[in-house]
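Structure first, then comments.
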Amino acid sequence: MKFSSRMNMGVLMACWLACLGVMGGVGNCAFADDAVKVYAQLDSEKIYLGDEVLYQIVIEGVKGAAPRALDLPEGLVGRSVGSSLQSAPVMIFNGKRIDRGPDKLMLQYRIGAKRAGRFTIGGQRVEVGGKVYTTQALELVVDEPPESDLFKLRLEAERTEGVFVGEPIRLTLIWYLASSPEGFSFHTGVDSDEVQILPGADPSGGNSRNDPRYVACEVDGMRMVGEVGRAKFQGQLYTTFTVSCVAIPRISGRMEVGPASVTFGVIAGTRGRGFFRENVVEKRVSRSKAIELVVQELPTEGRPGDFTGLIGVFEIESSIEPSEAFVGDPILLTVRVRGPEPMGRVALAQLEDQEAFGMGFKLSPEGWARKEQTTGSEVTFTTTIRVTDDGVDELPAIRLPYFDTAREQYEVARSRPIQLKIKPTRTVTAADAIRGSNGNGNSTSPAGVLIESGPEGVRANYTDGILVNERTAVLGLMGSPMGLGVLIAGPMAWMWVVAWGAMRERAGDESFRRRRALRRARKRLGRARSTEQIDAAIRGYLSDRFGVESEAVTALDCKRLLDEAGARHAGEQLAMKLAELQASRYGGGAMVGAEPCKVAKLLAEAEKELLA
């Protein structure tokens, strides 16, 4: 039987389409049988100390999942850098969409190391669609770069003996440079279970951006500012870079601090030609000698009951505005504390816990608000008080216990009492407030109705025509179907808007979260009563705005995210505030009221830059 060439082409085309359909069906069935796969991958299995590696959790078969904090072994630190979606390749045939594979969602993290060694990154648990998946374990090798004879590092402590548990000790890292390094980061080499490291005072006074003598750097992953100078070492003149931090011993006994190290890059040559020539950078490291601290416990004898762990010598002074007021008027109380750094660990006892503030004072339930530090050795607190008795003529002294290491005994700093002049206030009665009085006790109302005891509520006590007419109007509306609909429509519409917003937020609508990021942060700040809560409000804003894991956000992440989004100035200011809050959180006590209004202003400035 013979067929025309046109018929032959038709038969071949039909066979080809049938094959495509079968292949597409087989591919789709295979994907459906294994709809979700979760695994991990590293972009490198070996890095140098001071570098970071990209770690990804790949989820096949989904388009959305919330980033989570990594469970890492001791010695590794990680931070979330967001997520990316790789959509499945698609074929459109006869108007029909054919997926040629699964969507891939990649949760991305940057992982660095505190020390060299071989690490096993265990399986990470991820919940997808109510089911928990676990990634495979991966190995990461962290090597120390070779040392360079052109760079030297010294580690110094202001004191190594006679140190007490909880006492801040200044550590100084002095780096001697014979040439310019290409990026660097410091590691103190301390055991975090034995010694806590906190940032030292900024030597630039907060003006490091405008002065080339001061350069920002990282010490144990924390942002600090160091100073560039010149000095001799072993008879040779070097350019120096000096950065200071604070070490606070957690336990007593002999303990080793260091050896400290700095990882950096040096230019080892060039490659390429002409316009495409680039420098070849190799990693190097400089190490210091270790130092030994001898730490002793604080004595228990003579310890005040309100001792909060402050060690050093402190001074406290107070002031009020105004000093003359009526009973019940608000009075602003300002307290300044001076002492050794870091001042972020200073926390004042609430006034209700101080015996002198008993009868005669009404204290603010908000407690102390911490003002922005102007110097590294001073911190300011404010609160509002009211005097309830015109017999009070003095603001009592405020106590601040501390341990003096020079005398090796507990002391108490006290502010000076402040003289008050309180005037009595005329009591305003209910008759004054509602009806008024002509001074003779007679009512001045047109109706001459005196207030009598009756049921609670405004309508029960005041039954003149206005409220009666309003009641009649409302009842009239309820008497008709249209009026009843008007009364019900408003609350129903409001409930629908609230429910819709809640559903979108629960559903993880990223654009919805971005738009509400500032509003949610302001609500958190309005409820904040501690450093941790203010810190969480900033992290929550960044999480809502950029879709990152809030618990994994660092001050450096904050600056990077806002810089990349176009809010460079606000990013730097907010990152500095976040670093300050983190230092305060771990400074030896709870710091109440760390200026939520200031943080709210910084967030508003960031939002303004982002929307510009």
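By convention here, the chains of the structure tokens are called A, B, ... in the order presented, each chain's residues are numbered starting at 1, and ligands are numbered starting at 1 in the order presented.
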
>> Can you pull out the residues contacting A:Leu105? Cut-off 10 Å, using only C-alpha atoms, and skip same-chain residues under 5 positions away; I want them as a ChimeraX atom specification.
In response: /A:38,56-65,83-87

> Contacts of A:Val548 at 12 Å or less, counting only C-alpha atoms, minus same-chain residues fewer than 4 places along, as a count of residues only?
Replying inline: 29

> Nearest to A:Tyr238: which of A:Phe184, A:Gly206, A:Ser319, A:Leu153 is it, counting only C-alpha atoms?
Replying inline: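 Nearest candidate to A:Tyr238 out of A:Phe184, A:Gly206, A:Ser319, A:Leu153: A:Leu153.
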
>> Could you list, as a list in words, every residue within 10 Å of A:Gln354, counting only C-alpha atoms and ignoring same-chain residues fewer than 5 positions away?
In response: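 Once the nearby chain positions are removed, what remains is Asp306, Ala349, Pro396, Ala397, Ile398 and Arg399 of chain A.
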
> A:Gln196, A:Asp353, A:Gly258, A:Ile422: which is nearest A:Ile331, counting only C-alpha atoms?
Replying inline: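 With only C-alpha atoms as the atom set, the closest residue is A:Ile422.
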
> Which residues come within 10 Å of stretch 260-273 of chain A, counting only C-alpha atoms, excluding same-chain residues fewer than 6 positions away, as number ranges by chain?
Replying inline: A: 48-51, 115, 144-148, 151-155, 173, 175, 179-190, 218-219, 279-291

Those residues you just picked out, can you put them in a file as a PDB file, in the first residue's frame with C-alpha atoms?
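Dumped everything to again.pdb:
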```
ATOM      1  CA  TYR A  48      41.294  28.829  55.491  1.00  0.00           C
ATOM      2  CA  LEU A  49      40.640  30.192  58.950  1.00  0.00           C
ATOM      3  CA  GLY A  50      39.054  33.623  58.473  1.00  0.00           C
ATOM      4  CA  ASP A  51      37.228  32.641  55.283  1.00  0.00           C
ATOM      5  CA  ARG A 115      39.661  27.636  64.956  1.00  0.00           C
ATOM      6  CA  GLU A 144      45.413  27.865  59.139  1.00  0.00           C
ATOM      7  CA  PRO A 145      47.279  29.800  56.466  1.00  0.00           C
ATOM      8  CA  PRO A 146      51.087  29.923  56.665  1.00  0.00           C
ATOM      9  CA  GLU A 147      52.675  32.651  58.770  1.00  0.00           C
ATOM     10  CA  SER A 148      54.389  35.678  57.265  1.00  0.00           C
ATOM     11  CA  PHE A 151      53.718  40.837  60.014  1.00  0.00           C
ATOM     12  CA  LYS A 152      53.880  40.497  63.830  1.00  0.00           C
ATOM     13  CA  LEU A 153      51.098  40.355  66.443  1.00  0.00           C
ATOM     14  CA  ARG A 154      51.232  41.083  70.191  1.00  0.00           C
ATOM     15  CA  LEU A 155      48.542  40.415  72.803  1.00  0.00           C
ATOM     16  CA  LEU A 173      45.971  43.537  70.099  1.00  0.00           C
ATOM     17  CA  TRP A 175      49.539  44.287  64.799  1.00  0.00           C
ATOM     18  CA  SER A 179      52.994  46.102  53.887  1.00  0.00           C
ATOM     19  CA  SER A 180      49.283  46.627  53.275  1.00  0.00           C
ATOM     20  CA  PRO A 181      47.047  43.597  53.953  1.00  0.00           C
ATOM     21  CA  GLU A 182      44.053  42.638  51.789  1.00  0.00           C
ATOM     22  CA  GLY A 183      41.250  42.234  54.340  1.00  0.00           C
ATOM     23  CA  PHE A 184      41.785  40.862  57.858  1.00  0.00           C
ATOM     24  CA  SER A 185      40.001  39.494  60.931  1.00  0.00           C
ATOM     25  CA  PHE A 186      41.210  38.868  64.482  1.00  0.00           C
ATOM     26  CA  HIS A 187      40.642  35.908  66.798  1.00  0.00           C
ATOM     27  CA  THR A 188      41.461  36.177  70.507  1.00  0.00           C
ATOM     28  CA  GLY A 189      41.735  32.422  70.952  1.00  0.00           C
ATOM     29  CA  VAL A 190      39.825  32.420  74.265  1.00  0.00           C
ATOM     30  CA  GLU A 218      36.176  42.059  63.194  1.00  0.00           C
ATOM     31  CA  VAL A 219      37.368  40.501  66.442  1.00  0.00           C
ATOM     32  CA  ASN A 279      46.129  40.621  41.751  1.00  0.00           C
ATOM     33  CA  VAL A 280      46.717  37.128  43.120  1.00  0.00           C
ATOM     34  CA  VAL A 281      45.906  37.205  46.855  1.00  0.00           C
ATOM     35  CA  GLU A 282      47.159  34.499  49.195  1.00  0.00           C
ATOM     36  CA  LYS A 283      46.043  33.907  52.781  1.00  0.00           C
ATOM     37  CA  ARG A 284      48.475  34.433  55.649  1.00  0.00           C
ATOM     38  CA  VAL A 285      48.260  34.481  59.449  1.00  0.00           C
ATOM     39  CA  SER A 286      50.067  36.228  62.308  1.00  0.00           C
ATOM     40  CA  ARG A 287      50.003  34.737  65.814  1.00  0.00           C
ATOM     41  CA  SER A 288      50.792  36.184  69.225  1.00  0.00           C
ATOM     42  CA  LYS A 289      52.008  34.503  72.374  1.00  0.00           C
ATOM     43  CA  ALA A 290      49.401  33.371  74.896  1.00  0.00           C
ATOM     44  CA  ILE A 291      48.992  35.078  78.275  1.00  0.00           C
TER      45      ILE A 291
END
```
